[in-house]
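This is work-v2.pdb. It holds PDB, C-alpha atoms, pLDDT in the B column.
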ATOM      1  CA  MET M 221      -4.907  -7.978 -19.296  1.00 81.00           C
ATOM      2  CA  PRO M 222      -7.637 -10.444 -18.261  1.00 89.00           C
ATOM      3  CA  VAL M 223     -10.414 -11.007 -20.777  1.00 91.00           C
ATOM      4  CA  TYR M 224     -13.902 -10.385 -19.372  1.00 94.00           C
ATOM      5  CA  GLU M 225     -16.743 -12.376 -20.959  1.00 93.00           C
ATOM      6  CA  ASP M 226     -19.468  -9.744 -20.577  1.00 95.00           C
ATOM      7  CA  SER M 227     -18.520  -6.239 -21.766  1.00 96.00           C
ATOM      8  CA  ASP M 228     -21.769  -4.750 -20.403  1.00 97.00           C
ATOM      9  CA  GLU M 229     -21.039  -6.163 -16.957  1.00 97.00           C
ATOM     10  CA  LEU M 230     -17.497  -4.758 -17.103  1.00 97.00           C
ATOM     11  CA  LYS M 231     -18.807  -1.310 -18.088  1.00 98.00           C
ATOM     12  CA  GLU M 232     -21.321  -1.346 -15.223  1.00 98.00           C
ATOM     13  CA  VAL M 233     -18.513  -2.000 -12.742  1.00 98.00           C
ATOM     14  CA  THR M 234     -16.095   0.562 -14.172  1.00 98.00           C
ATOM     15  CA  ASP M 235     -18.864   3.182 -14.281  1.00 98.00           C
ATOM     16  CA  LYS M 236     -19.497   2.575 -10.573  1.00 98.00           C
ATOM     17  CA  LEU M 237     -15.782   2.958  -9.859  1.00 98.00           C
ATOM     18  CA  ALA M 238     -15.544   6.104 -11.971  1.00 98.00           C
ATOM     19  CA  ASN M 239     -18.382   7.665  -9.940  1.00 97.00           C
ATOM     20  CA  SER M 240     -16.854   6.681  -6.580  1.00 97.00           C
ATOM     21  CA  ALA M 241     -14.780   8.982  -4.404  1.00 96.00           C
ATOM     22  CA  PRO M 242     -11.013   8.767  -4.981  1.00 97.00           C
ATOM     23  CA  LEU M 243      -9.085   6.538  -2.592  1.00 98.00           C
ATOM     24  CA  VAL M 244      -6.227   9.049  -2.286  1.00 98.00           C
ATOM     25  CA  PHE M 245      -5.968  12.730  -3.127  1.00 96.00           C
ATOM     26  CA  ALA M 246      -3.737  14.689  -5.468  1.00 96.00           C
ATOM     27  CA  GLY M 247      -2.268  16.768  -2.631  1.00 96.00           C
ATOM     28  CA  GLU M 248      -1.139  13.586  -0.848  1.00 97.00           C
ATOM     29  CA  VAL M 249       0.509  12.348  -4.054  1.00 97.00           C
ATOM     30  CA  ARG M 250       2.343  15.654  -4.491  1.00 97.00           C
ATOM     31  CA  ASN M 251       3.529  15.436  -0.890  1.00 97.00           C
ATOM     32  CA  LEU M 252       5.015  12.004  -1.580  1.00 98.00           C
ATOM     33  CA  SER M 253       6.548  13.253  -4.832  1.00 97.00           C
ATOM     34  CA  ASP M 254       8.282  16.105  -2.977  1.00 97.00           C
ATOM     35  CA  GLN M 255       9.666  13.670  -0.408  1.00 97.00           C
ATOM     36  CA  LEU M 256      10.870  11.260  -3.112  1.00 97.00           C
ATOM     37  CA  ALA M 257      12.719  14.140  -4.751  1.00 98.00           C
ATOM     38  CA  LYS M 258      14.720  14.501  -1.532  1.00 97.00           C
ATOM     39  CA  ALA M 259      15.464  10.779  -1.503  1.00 97.00           C
ATOM     40  CA  SER M 260      16.700  10.949  -5.104  1.00 97.00           C
ATOM     41  CA  VAL M 261      19.522  13.292  -4.058  1.00 97.00           C
ATOM     42  CA  GLY M 262      20.389  11.422  -0.867  1.00 96.00           C
ATOM     43  CA  ASN M 263      18.540  13.627   1.611  1.00 97.00           C
ATOM     44  CA  ALA M 264      15.976  10.988   2.632  1.00 97.00           C
ATOM     45  CA  PHE M 265      15.526   7.212   2.591  1.00 96.00           C
ATOM     46  CA  LEU M 266      12.655   5.354   0.935  1.00 97.00           C
ATOM     47  CA  LEU M 267      11.272   2.363   2.845  1.00 97.00           C
ATOM     48  CA  MET M 268       8.578   0.185   1.250  1.00 96.00           C
ATOM     49  CA  GLY M 269       7.055  -2.903   2.844  1.00 93.00           C
ATOM     50  CA  GLY M 270       3.961  -5.060   2.643  1.00 91.00           C
ATOM     51  CA  ASP M 271       2.450  -8.208   1.188  1.00 88.00           C
ATOM     52  CA  CYS M 272       3.330  -9.697  -2.191  1.00 88.00           C
ATOM     53  CA  ALA M 273      -0.414  -9.731  -2.858  1.00 92.00           C
ATOM     54  CA  GLU M 274      -3.307  -8.759  -0.621  1.00 96.00           C
ATOM     55  CA  SER M 275      -6.126 -11.205   0.016  1.00 95.00           C
ATOM     56  CA  PHE M 276      -9.826 -10.700   0.604  1.00 96.00           C
ATOM     57  CA  LYS M 277      -9.936 -13.609   3.079  1.00 94.00           C
ATOM     58  CA  GLU M 278      -7.003 -12.436   5.213  1.00 92.00           C
ATOM     59  CA  PHE M 279      -8.163  -8.840   5.586  1.00 95.00           C
ATOM     60  CA  ASN M 280      -8.665  -7.639   9.155  1.00 95.00           C
ATOM     61  CA  THR M 281      -7.658  -4.724  11.354  1.00 95.00           C
ATOM     62  CA  LYS M 282      -5.001  -6.761  13.185  1.00 92.00           C
ATOM     63  CA  HIS M 283      -3.197  -7.614   9.937  1.00 93.00           C
ATOM     64  CA  VAL M 284      -3.163  -3.987   8.729  1.00 95.00           C
ATOM     65  CA  LYS M 285      -1.984  -2.798  12.141  1.00 91.00           C
ATOM     66  CA  ALA M 286       0.821  -5.405  12.251  1.00 89.00           C
ATOM     67  CA  ASN M 287       2.157  -4.327   8.856  1.00 92.00           C
ATOM     68  CA  PHE M 288       1.965  -0.686   9.886  1.00 92.00           C
ATOM     69  CA  GLN M 289       3.798  -1.406  13.155  1.00 87.00           C
ATOM     70  CA  LEU M 290       6.544  -3.317  11.400  1.00 87.00           C
ATOM     71  CA  ILE M 291       7.181  -0.500   8.918  1.00 91.00           C
ATOM     72  CA  LEU M 292       7.286   2.013  11.793  1.00 88.00           C
ATOM     73  CA  GLN M 293       9.849  -0.141  13.596  1.00 84.00           C
ATOM     74  CA  MET M 294      12.017  -0.452  10.499  1.00 86.00           C
ATOM     75  CA  ALA M 295      11.750   3.289   9.861  1.00 88.00           C
ATOM     76  CA  LEU M 296      12.817   4.069  13.419  1.00 83.00           C
ATOM     77  CA  VAL M 297      15.951   1.924  13.102  1.00 83.00           C
ATOM     78  CA  LEU M 298      16.798   3.439   9.718  1.00 88.00           C
ATOM     79  CA  THR M 299      16.253   6.995  10.962  1.00 86.00           C
ATOM     80  CA  PHE M 300      18.394   6.417  14.042  1.00 82.00           C
ATOM     81  CA  GLY M 301      21.165   4.780  12.024  1.00 84.00           C
ATOM     82  CA  SER M 302      21.223   7.121   9.029  1.00 89.00           C
ATOM     83  CA  SER M 303      20.177  10.449  10.582  1.00 89.00           C
ATOM     84  CA  LEU M 304      17.897  10.878   7.566  1.00 93.00           C
ATOM     85  CA  PRO M 305      14.108  11.187   7.307  1.00 93.00           C
ATOM     86  CA  VAL M 306      12.508   7.918   6.170  1.00 95.00           C
ATOM     87  CA  ILE M 307       9.647   7.941   3.669  1.00 97.00           C
ATOM     88  CA  LYS M 308       7.220   5.218   4.739  1.00 97.00           C
ATOM     89  CA  VAL M 309       5.302   3.455   1.959  1.00 97.00           C
ATOM     90  CA  GLY M 310       3.071   0.426   2.498  1.00 97.00           C
ATOM     91  CA  ARG M 311       2.495  -2.027  -0.343  1.00 96.00           C
ATOM     92  CA  MET M 312      -1.166  -2.257   0.607  1.00 96.00           C
ATOM     93  CA  ALA M 313      -4.660  -0.892  -0.087  1.00 97.00           C
ATOM     94  CA  GLY M 314      -4.481  -1.984  -3.724  1.00 97.00           C
ATOM     95  CA  GLN M 315      -1.918  -4.789  -4.183  1.00 96.00           C
ATOM     96  CA  PHE M 316      -4.512  -7.365  -5.250  1.00 97.00           C
ATOM     97  CA  ALA M 317      -3.417  -8.292  -8.781  1.00 94.00           C
ATOM     98  CA  LYS M 318      -0.752 -10.840  -9.656  1.00 91.00           C
ATOM     99  CA  PRO M 319       1.257 -10.830 -12.904  1.00 86.00           C
ATOM    100  CA  ARG M 320       1.012 -13.955 -15.029  1.00 86.00           C
ATOM    101  CA  SER M 321       3.124 -15.086 -17.965  1.00 84.00           C
ATOM    102  CA  ALA M 322       0.293 -17.111 -19.518  1.00 89.00           C
ATOM    103  CA  PRO M 323      -3.474 -16.422 -19.678  1.00 90.00           C
ATOM    104  CA  THR M 324      -4.382 -20.025 -18.834  1.00 94.00           C
ATOM    105  CA  GLU M 325      -3.265 -22.811 -16.480  1.00 95.00           C
ATOM    106  CA  GLU M 326      -3.615 -26.535 -17.154  1.00 95.00           C
ATOM    107  CA  LYS M 327      -4.111 -29.341 -14.616  1.00 95.00           C
ATOM    108  CA  ASP M 328      -4.894 -32.978 -15.466  1.00 94.00           C
ATOM    109  CA  GLY M 329      -5.814 -32.000 -19.004  1.00 95.00           C
ATOM    110  CA  VAL M 330      -8.191 -29.222 -17.878  1.00 96.00           C
ATOM    111  CA  SER M 331      -7.359 -25.657 -18.972  1.00 96.00           C
ATOM    112  CA  LEU M 332      -8.730 -22.687 -17.009  1.00 96.00           C
ATOM    113  CA  PRO M 333      -7.869 -18.981 -16.770  1.00 95.00           C
ATOM    114  CA  SER M 334      -4.790 -18.288 -14.643  1.00 95.00           C
ATOM    115  CA  TYR M 335      -5.303 -17.007 -11.110  1.00 96.00           C
ATOM    116  CA  ARG M 336      -4.566 -13.273 -11.394  1.00 95.00           C
ATOM    117  CA  GLY M 337      -5.214 -12.206  -7.808  1.00 96.00           C
ATOM    118  CA  ASP M 338      -8.373 -11.578  -5.814  1.00 97.00           C
ATOM    119  CA  ILE M 339      -9.216  -8.453  -7.812  1.00 98.00           C
ATOM    120  CA  VAL M 340      -9.776 -10.637 -10.902  1.00 97.00           C
ATOM    121  CA  ASN M 341     -10.707 -14.196  -9.894  1.00 97.00           C
ATOM    122  CA  GLU M 342     -10.221 -16.878  -7.219  1.00 97.00           C
ATOM    123  CA  GLU M 343      -7.389 -19.325  -6.567  1.00 96.00           C
ATOM    124  CA  GLU M 344      -9.504 -22.511  -6.446  1.00 97.00           C
ATOM    125  CA  PHE M 345      -9.120 -24.486  -9.676  1.00 97.00           C
ATOM    126  CA  THR M 346     -12.761 -24.578 -10.824  1.00 97.00           C
ATOM    127  CA  PRO M 347     -14.467 -22.849 -13.769  1.00 96.00           C
ATOM    128  CA  GLU M 348     -16.593 -20.777 -11.378  1.00 97.00           C
ATOM    129  CA  ALA M 349     -13.654 -19.602  -9.273  1.00 97.00           C
ATOM    130  CA  ARG M 350     -11.365 -18.903 -12.216  1.00 97.00           C
ATOM    131  CA  ARG M 351     -13.914 -16.819 -14.104  1.00 97.00           C
ATOM    132  CA  ASN M 352     -12.559 -13.295 -14.592  1.00 96.00           C
ATOM    133  CA  ASN M 353     -15.176 -11.460 -12.525  1.00 98.00           C
ATOM    134  CA  PRO M 354     -15.286  -7.646 -12.873  1.00 98.00           C
ATOM    135  CA  TRP M 355     -17.317  -7.266  -9.657  1.00 98.00           C
ATOM    136  CA  LYS M 356     -14.194  -8.206  -7.723  1.00 98.00           C
ATOM    137  CA  MET M 357     -12.814  -4.771  -8.623  1.00 98.00           C
ATOM    138  CA  LEU M 358     -15.533  -3.213  -6.466  1.00 98.00           C
ATOM    139  CA  GLN M 359     -14.647  -5.558  -3.599  1.00 98.00           C
ATOM    140  CA  ALA M 360     -10.986  -4.553  -3.948  1.00 98.00           C
ATOM    141  CA  PHE M 361     -11.982  -0.881  -3.947  1.00 98.00           C
ATOM    142  CA  GLN M 362     -14.048  -1.295  -0.777  1.00 98.00           C
ATOM    143  CA  GLN M 363     -11.277  -3.176   1.033  1.00 98.00           C
ATOM    144  CA  SER M 364      -8.738  -0.554  -0.061  1.00 98.00           C
ATOM    145  CA  ALA M 365     -10.970   2.195   1.327  1.00 98.00           C
ATOM    146  CA  GLN M 366     -11.181   0.389   4.685  1.00 98.00           C
ATOM    147  CA  THR M 367      -7.411  -0.179   4.739  1.00 98.00           C
ATOM    148  CA  LEU M 368      -6.688   3.483   3.998  1.00 98.00           C
ATOM    149  CA  ASN M 369      -9.135   4.542   6.696  1.00 97.00           C
ATOM    150  CA  LEU M 370      -7.252   2.399   9.220  1.00 97.00           C
ATOM    151  CA  LEU M 371      -3.848   3.640   8.059  1.00 97.00           C
ATOM    152  CA  ARG M 372      -4.902   7.281   8.325  1.00 96.00           C
ATOM    153  CA  ALA M 373      -6.232   6.637  11.831  1.00 94.00           C
ATOM    154  CA  PHE M 374      -3.037   4.856  12.910  1.00 92.00           C
ATOM    155  CA  SER M 375      -0.708   7.489  11.424  1.00 92.00           C
ATOM    156  CA  THR M 376      -2.470  10.607  12.740  1.00 90.00           C
ATOM    157  CA  GLY M 377      -4.594   9.422  15.681  1.00 87.00           C
ATOM    158  CA  GLY M 378      -1.847   8.939  18.265  1.00 81.00           C
ATOM    159  CA  PHE M 379      -0.730   5.360  17.615  1.00 82.00           C
ATOM    160  CA  ALA M 380       2.359   6.585  15.720  1.00 79.00           C
ATOM    161  CA  ASP M 381       3.459   8.854  18.601  1.00 77.00           C
ATOM    162  CA  ILE M 382       7.175   8.145  18.886  1.00 73.00           C
ATOM    163  CA  SER M 383       7.003   8.513  22.677  1.00 66.00           C
ATOM    164  CA  LEU M 384       4.899   5.306  22.664  1.00 69.00           C
ATOM    165  CA  LEU M 385       7.379   3.344  20.574  1.00 63.00           C
ATOM    166  CA  HIS M 386       7.635   0.511  23.121  1.00 59.00           C
ATOM    167  CA  ALA M 387       3.967  -0.174  22.365  1.00 61.00           C
ATOM    168  CA  TRP M 388       4.927  -0.887  18.746  1.00 63.00           C
ATOM    169  CA  ASN M 389       6.639  -4.140  19.741  1.00 62.00           C
ATOM    170  CA  LEU M 390       5.183  -7.140  17.971  1.00 57.00           C
ATOM    171  CA  ASP M 391       4.989 -10.361  19.973  1.00 60.00           C
ATOM    172  CA  PHE M 392       7.423 -12.300  17.792  1.00 55.00           C
ATOM    173  CA  VAL M 393       9.961  -9.453  17.949  1.00 60.00           C
ATOM    174  CA  SER M 394       9.861  -9.121  21.731  1.00 62.00           C
ATOM    175  CA  LYS M 395      11.098 -12.709  22.226  1.00 70.00           C
ATOM    176  CA  THR M 396      14.178 -12.542  19.975  1.00 73.00           C
ATOM    177  CA  GLU M 397      17.732 -11.265  20.201  1.00 73.00           C
ATOM    178  CA  GLU M 398      16.855  -8.673  17.566  1.00 69.00           C
ATOM    179  CA  GLY M 399      13.912  -7.627  19.734  1.00 68.00           C
ATOM    180  CA  SER M 400      16.259  -7.027  22.654  1.00 71.00           C
ATOM    181  CA  ARG M 401      18.447  -4.785  20.503  1.00 73.00           C
ATOM    182  CA  TYR M 402      15.348  -2.949  19.298  1.00 70.00           C
ATOM    183  CA  ARG M 403      14.230  -2.319  22.894  1.00 73.00           C
ATOM    184  CA  ALA M 404      17.680  -0.943  23.690  1.00 74.00           C
ATOM    185  CA  LEU M 405      17.360   1.402  20.726  1.00 71.00           C
ATOM    186  CA  CYS M 406      13.917   2.477  21.990  1.00 72.00           C
ATOM    187  CA  ASP M 407      15.452   3.330  25.345  1.00 75.00           C
ATOM    188  CA  GLN M 408      18.002   5.596  23.633  1.00 73.00           C
ATOM    189  CA  VAL M 409      15.310   7.312  21.596  1.00 72.00           C
ATOM    190  CA  GLU M 410      13.106   7.823  24.648  1.00 73.00           C
ATOM    191  CA  GLU M 411      16.046   9.329  26.510  1.00 73.00           C
ATOM    192  CA  SER M 412      16.565  11.759  23.641  1.00 73.00           C
ATOM    193  CA  ILE M 413      12.856  12.686  23.650  1.00 68.00           C
ATOM    194  CA  ARG M 414      12.942  13.344  27.409  1.00 70.00           C
ATOM    195  CA  PHE M 415      15.929  15.650  26.859  1.00 67.00           C
ATOM    196  CA  LEU M 416      14.129  17.553  24.087  1.00 68.00           C
ATOM    197  CA  LYS M 417      11.071  18.010  26.293  1.00 70.00           C
ATOM    198  CA  ALA M 418      13.243  19.148  29.195  1.00 72.00           C
ATOM    199  CA  ILE M 419      14.768  21.948  27.141  1.00 76.00           C
ATOM    200  CA  GLY M 420      11.374  23.018  25.809  1.00 76.00           C
ATOM    201  CA  ALA M 421      11.765  21.752  22.241  1.00 68.00           C
ATOM    202  CA  ASN M 422       8.608  21.226  20.203  1.00 67.00           C
ATOM    203  CA  THR M 423       7.902  17.473  20.084  1.00 58.00           C
ATOM    204  CA  ALA M 424       4.416  17.751  18.551  1.00 58.00           C
ATOM    205  CA  PRO M 425       5.612  16.615  15.072  1.00 57.00           C
ATOM    206  CA  MET M 426       6.680  13.311  16.664  1.00 62.00           C
ATOM    207  CA  LYS M 427       3.073  12.373  17.421  1.00 74.00           C
ATOM    208  CA  LYS M 428       2.102  11.486  13.830  1.00 86.00           C
ATOM    209  CA  VAL M 429       3.730  10.300  10.613  1.00 90.00           C
ATOM    210  CA  ASP M 430       3.211  10.558   6.886  1.00 94.00           C
ATOM    211  CA  PHE M 431       2.305   7.109   5.580  1.00 96.00           C
ATOM    212  CA  PHE M 432       1.733   6.367   1.910  1.00 98.00           C
ATOM    213  CA  THR M 433       0.444   3.393  -0.073  1.00 98.00           C
ATOM    214  CA  ALA M 434       1.649   1.777  -3.290  1.00 97.00           C
ATOM    215  CA  HIS M 435       0.850  -1.105  -5.622  1.00 96.00           C
ATOM    216  CA  GLU M 436       1.760  -2.478  -9.017  1.00 93.00           C
ATOM    217  CA  CYS M 437      -0.343  -1.260 -11.947  1.00 91.00           C
ATOM    218  CA  LEU M 438      -1.626  -4.566 -13.360  1.00 90.00           C
ATOM    219  CA  LEU M 439      -5.321  -4.020 -14.120  1.00 93.00           C
ATOM    220  CA  LEU M 440      -5.919  -1.215 -16.610  1.00 91.00           C
ATOM    221  CA  GLU M 441      -9.724  -1.102 -16.231  1.00 94.00           C
ATOM    222  CA  TYR M 442      -9.443  -0.535 -12.476  1.00 97.00           C
ATOM    223  CA  GLU M 443      -6.723   2.111 -12.680  1.00 96.00           C
ATOM    224  CA  GLN M 444      -8.385   3.976 -15.545  1.00 95.00           C
ATOM    225  CA  ALA M 445     -11.708   4.155 -13.688  1.00 97.00           C
ATOM    226  CA  LEU M 446      -9.962   5.731 -10.669  1.00 98.00           C
ATOM    227  CA  THR M 447      -8.022   8.332 -12.660  1.00 97.00           C
ATOM    228  CA  ARG M 448      -9.114  11.893 -11.906  1.00 96.00           C
ATOM    229  CA  LYS M 449      -8.259  15.440 -12.987  1.00 96.00           C
ATOM    230  CA  ASP M 450      -7.061  17.546 -10.053  1.00 96.00           C
ATOM    231  CA  SER M 451      -9.238  20.642  -9.697  1.00 92.00           C
ATOM    232  CA  THR M 452      -6.351  22.842  -8.502  1.00 93.00           C
ATOM    233  CA  THR M 453      -3.716  21.969 -11.121  1.00 95.00           C
ATOM    234  CA  ASN M 454      -5.710  20.311 -13.947  1.00 96.00           C
ATOM    235  CA  ASP M 455      -3.161  17.486 -13.857  1.00 96.00           C
ATOM    236  CA  TRP M 456      -4.294  13.860 -14.072  1.00 96.00           C
ATOM    237  CA  TYR M 457      -3.750  11.504 -11.137  1.00 97.00           C
ATOM    238  CA  ASP M 458      -4.473   7.812 -10.710  1.00 97.00           C
ATOM    239  CA  CYS M 459      -6.191   8.093  -7.339  1.00 97.00           C
ATOM    240  CA  SER M 460      -6.101   4.382  -6.486  1.00 98.00           C
ATOM    241  CA  SER M 461      -2.812   4.829  -4.591  1.00 98.00           C
ATOM    242  CA  HIS M 462      -0.093   7.327  -3.736  1.00 98.00           C
ATOM    243  CA  MET M 463       2.545   5.541  -5.808  1.00 97.00           C
ATOM    244  CA  LEU M 464       2.090   3.062  -8.646  1.00 94.00           C
ATOM    245  CA  TRP M 465       4.615   1.237 -10.749  1.00 90.00           C
ATOM    246  CA  VAL M 466       4.631  -0.868 -13.892  1.00 84.00           C
ATOM    247  CA  GLY M 467       6.860  -3.943 -14.026  1.00 75.00           C
ATOM    248  CA  GLU M 468       8.832  -5.485 -16.862  1.00 71.00           C
ATOM    249  CA  ARG M 469       6.036  -7.894 -17.750  1.00 62.00           C
ATOM    250  CA  THR M 470       3.424  -5.185 -18.276  1.00 65.00           C
ATOM    251  CA  ARG M 471       5.206  -2.048 -19.464  1.00 69.00           C
ATOM    252  CA  ASP M 472       5.058  -1.117 -23.133  1.00 70.00           C
ATOM    253  CA  LEU M 473       5.743   2.320 -24.563  1.00 71.00           C
ATOM    254  CA  ASP M 474       3.323   1.766 -27.442  1.00 71.00           C
ATOM    255  CA  SER M 475       0.250   0.515 -25.609  1.00 65.00           C
ATOM    256  CA  ALA M 476      -1.261   0.593 -22.136  1.00 64.00           C
ATOM    257  CA  VAL M 477      -2.786  -2.844 -22.637  1.00 58.00           C
ATOM    258  CA  SER M 478       0.157  -4.728 -24.155  1.00 50.00           C
TER     259      SER M 478
END
Would you mind writing the file out in structure tokens?
Amino acid sequence: MPVYEDSDELKEVTDKLANSAPLVFAGEVRNLSDQLAKASVGNAFLLMGGDCAESFKEFNTKHVKANFQLILQMALVLTFGSSLPVIKVGRMAGQFAKPRSAPTEEKDGVSLPSYRGDIVNEEEFTPEARRNNPWKMLQAFQQSAQTLNLLRAFSTGGFADISLLHAWNLDFVSKTEEGSRYRALCDQVEESIRFLKAIGANTAPMKKVDFFTAHECLLLEYEQALTRKDSTTNDWYDCSSHMLWVGERTRDLDSAVS
């Protein structure tokens, strides 16, 4: 875990986070859990995609939309090829921290804290940039909220309508051999949709998708501040994301901070 110089400053930030609205809700997490249970017995396929680490500087609607489009395209191919429902999970809206093997980095005889991702400090090799700054957790929270707002709009507001799947084409895909094969697949899917409509089948469920978010649990103060007790079940949920995981470099059965 990063060491913060000012414990009062850290507490002020975590108190603000603890009093903020959750980013995701317990019912959404249970929905994902139910779908993952199906995948665990071979009745669904889990697809996860996204950035290695999100950046404050690169955040914009176009970037979020492009990642969402790409995952939809991959899910369509997998669904068509496997005849299984595909659980769509974006590694976004929280993937700001980076694991580090050492707390410091040395250049030209100068030792500074390691860059741990935008949620902790900055990449530039200066004392000011490398300071472990707790206020960056609030910036990460705010960007995550914006990202989730966009994802919910894209997944339920009509953009994910499978009848518009040709509109999902990204520019770089449309000019490749793979893009040509994808367009051919789209034509087959559209033909199937026209048939379903012709026979009066209900195609309303094809107009939106379930889309979940995930990130690696690397910053205990952030995750702890966003943990909530569900009012309907009294179970505890980390409401920073729908799915979180702990990697080999951070897991420890004896301590959450080891």
Using all atoms listed in the file, find each residue in stretch 245-270 of chain M having at least one atom no more than 9 Å away from stretch 281-292 of chain M; report its shortest atom-to-atom pair and that distance in Å (one decimal), rows by chain then rising number, as JSON lines.
{"residue": "M:Leu267", "atom": "CA", "partner": "M:Ile291", "partner_atom": "CA", "distance": 7.9}
{"residue": "M:Met268", "atom": "CA", "partner": "M:Ile291", "partner_atom": "CA", "distance": 7.8}
{"residue": "M:Gly269", "atom": "CA", "partner": "M:Ile291", "partner_atom": "CA", "distance": 6.5}
{"residue": "M:Gly270", "atom": "CA", "partner": "M:Asn287", "partner_atom": "CA", "distance": 6.5}
A straight line from atom CA of M:Lys277 to atom CA of M:Glu342 spans 10.8 Å
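Residue neighbourhood of M:Asp458, excluding near-sequence residues (fewer than 5 positions): Glu443, Leu446, Thr447 and Arg448 of chain M, at 7 Å, using all atoms listed in the file.
Picture a line from atom CA of M:Leu438 to atom CA of M:Gly329; it runs 28.3 Å.
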Can you tell me which residues surround M:Lys427 at a distance of at most 7 Å, considering only C-alpha atoms, apart from same-chain residues fewer than 3 positions away, and format the answer as a ChimeraX atom specification? /M:378,380-382,424
Choose the residue, out of M:Gln363, M:Thr396, M:Asn341, M:Ser412, that has the smallest atom-to-atom separation from M:Gly314; count all atoms listed in the file. M:Gln363
Hey, what's within 6 Å of M:Leu464 if we count all atoms listed in the file and toss same-chain stuff fewer than 2 positions away? As an mmCIF file with C-alpha atoms, keeping the file's coordinate frame, please?
data_model
loop_
_atom_site.group_PDB
_atom_site.id
_atom_site.type_symbol
_atom_site.label_atom_id
_atom_site.label_comp_id
_atom_site.auth_asym_id
_atom_site.auth_seq_id
_atom_site.Cartn_x
_atom_site.Cartn_y
_atom_site.Cartn_z
ATOM 1 C CA ALA M 434 1.649 1.777 -3.290
ATOM 2 C CA HIS M 435 0.850 -1.105 -5.622
ATOM 3 C CA GLU M 436 1.760 -2.478 -9.017
ATOM 4 C CA CYS M 437 -0.343 -1.260 -11.947
#
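For the atom pair formed by atom CA of M:Ile307 and atom CA of M:Phe374, the distance is 16.0 Å, given to one decimal.
With only C-alpha atoms as the atoms that count, the minimum distance from M:Leu266 to the choices M:Arg414, M:Arg351, M:Phe431, M:Leu371 is reached by M:Phe431.
When all atoms listed in the file are used to measure the gap to M:Gln366, the shortest distance among M:Trp456, M:Trp465, M:Phe276, M:Phe265 belongs to M:Phe276.
Closest approach to M:Ala241 among M:Phe432, M:Tyr442, M:Phe361, M:Tyr402: M:Phe361, based on all atoms listed in the file.
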Tell me, as a PyMOL selection string, which residues lie within 9 Å of stretch 317-319 of chain M, counting all atoms listed in the file; anything in the same chain fewer than 2 positions away does not count. chain M and resi 272-274+314-315+321+335-340+435-439+467+469-470
Which residues are close to stretch 322-324 of chain M, i.e. within 9 Å by only C-alpha atoms, leaving aside same-chain residues fewer than 3 positions away? Reply as a PyMOL selection string. chain M and resi 221-223+331-336
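Considering the residues M:Trp355, M:Phe345, M:Phe279, M:Tyr457 and counting only C-alpha atoms, M:Asp235 has its shortest atom-to-atom contact with M:Trp355.
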How would stretch 239-251 of chain M look with N, CA and C atoms restored, written as a PDB file, in the coordinates of the input?
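Saved to out-v7.pdb:
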ATOM      1  N   ASN M 239     -17.524   6.739 -10.692  1.00 97.00           N
ATOM      2  CA  ASN M 239     -18.382   7.665  -9.940  1.00 97.00           C
ATOM      3  C   ASN M 239     -18.140   7.609  -8.432  1.00 97.00           C
ATOM      4  N   SER M 240     -17.180   6.788  -8.005  1.00 97.00           N
ATOM      5  CA  SER M 240     -16.854   6.681  -6.580  1.00 97.00           C
ATOM      6  C   SER M 240     -15.847   7.753  -6.187  1.00 97.00           C
ATOM      7  N   ALA M 241     -15.771   8.025  -4.903  1.00 96.00           N
ATOM      8  CA  ALA M 241     -14.780   8.982  -4.404  1.00 96.00           C
ATOM      9  C   ALA M 241     -13.375   8.419  -4.606  1.00 96.00           C
ATOM     10  N   PRO M 242     -12.386   9.268  -4.838  1.00 97.00           N
ATOM     11  CA  PRO M 242     -11.013   8.767  -4.981  1.00 97.00           C
ATOM     12  C   PRO M 242     -10.523   8.152  -3.678  1.00 97.00           C
ATOM     13  N   LEU M 243      -9.648   7.167  -3.789  1.00 98.00           N
ATOM     14  CA  LEU M 243      -9.085   6.538  -2.592  1.00 98.00           C
ATOM     15  C   LEU M 243      -8.015   7.421  -1.960  1.00 98.00           C
ATOM     16  N   VAL M 244      -7.226   8.102  -2.776  1.00 98.00           N
ATOM     17  CA  VAL M 244      -6.227   9.049  -2.286  1.00 98.00           C
ATOM     18  C   VAL M 244      -6.436  10.361  -3.019  1.00 98.00           C
ATOM     19  N   PHE M 245      -5.748  11.404  -2.572  1.00 96.00           N
ATOM     20  CA  PHE M 245      -5.968  12.730  -3.127  1.00 96.00           C
ATOM     21  C   PHE M 245      -4.689  13.290  -3.735  1.00 96.00           C
ATOM     22  N   ALA M 246      -4.874  14.160  -4.713  1.00 96.00           N
ATOM     23  CA  ALA M 246      -3.737  14.689  -5.468  1.00 96.00           C
ATOM     24  C   ALA M 246      -2.719  15.372  -4.558  1.00 96.00           C
ATOM     25  N   GLY M 247      -3.191  16.088  -3.543  1.00 96.00           N
ATOM     26  CA  GLY M 247      -2.268  16.768  -2.631  1.00 96.00           C
ATOM     27  C   GLY M 247      -1.374  15.791  -1.885  1.00 96.00           C
ATOM     28  N   GLU M 248      -1.934  14.613  -1.514  1.00 97.00           N
ATOM     29  CA  GLU M 248      -1.139  13.586  -0.848  1.00 97.00           C
ATOM     30  C   GLU M 248      -0.070  13.032  -1.797  1.00 97.00           C
ATOM     31  N   VAL M 249      -0.449  12.860  -3.068  1.00 97.00           N
ATOM     32  CA  VAL M 249       0.509  12.348  -4.054  1.00 97.00           C
ATOM     33  C   VAL M 249       1.636  13.346  -4.257  1.00 97.00           C
ATOM     34  N   ARG M 250       1.295  14.629  -4.329  1.00 97.00           N
ATOM     35  CA  ARG M 250       2.343  15.654  -4.491  1.00 97.00           C
ATOM     36  C   ARG M 250       3.265  15.698  -3.285  1.00 97.00           C
ATOM     37  N   ASN M 251       2.711  15.494  -2.100  1.00 97.00           N
ATOM     38  CA  ASN M 251       3.529  15.436  -0.890  1.00 97.00           C
ATOM     39  C   ASN M 251       4.551  14.311  -0.987  1.00 97.00           C
TER      40      ASN M 251
END
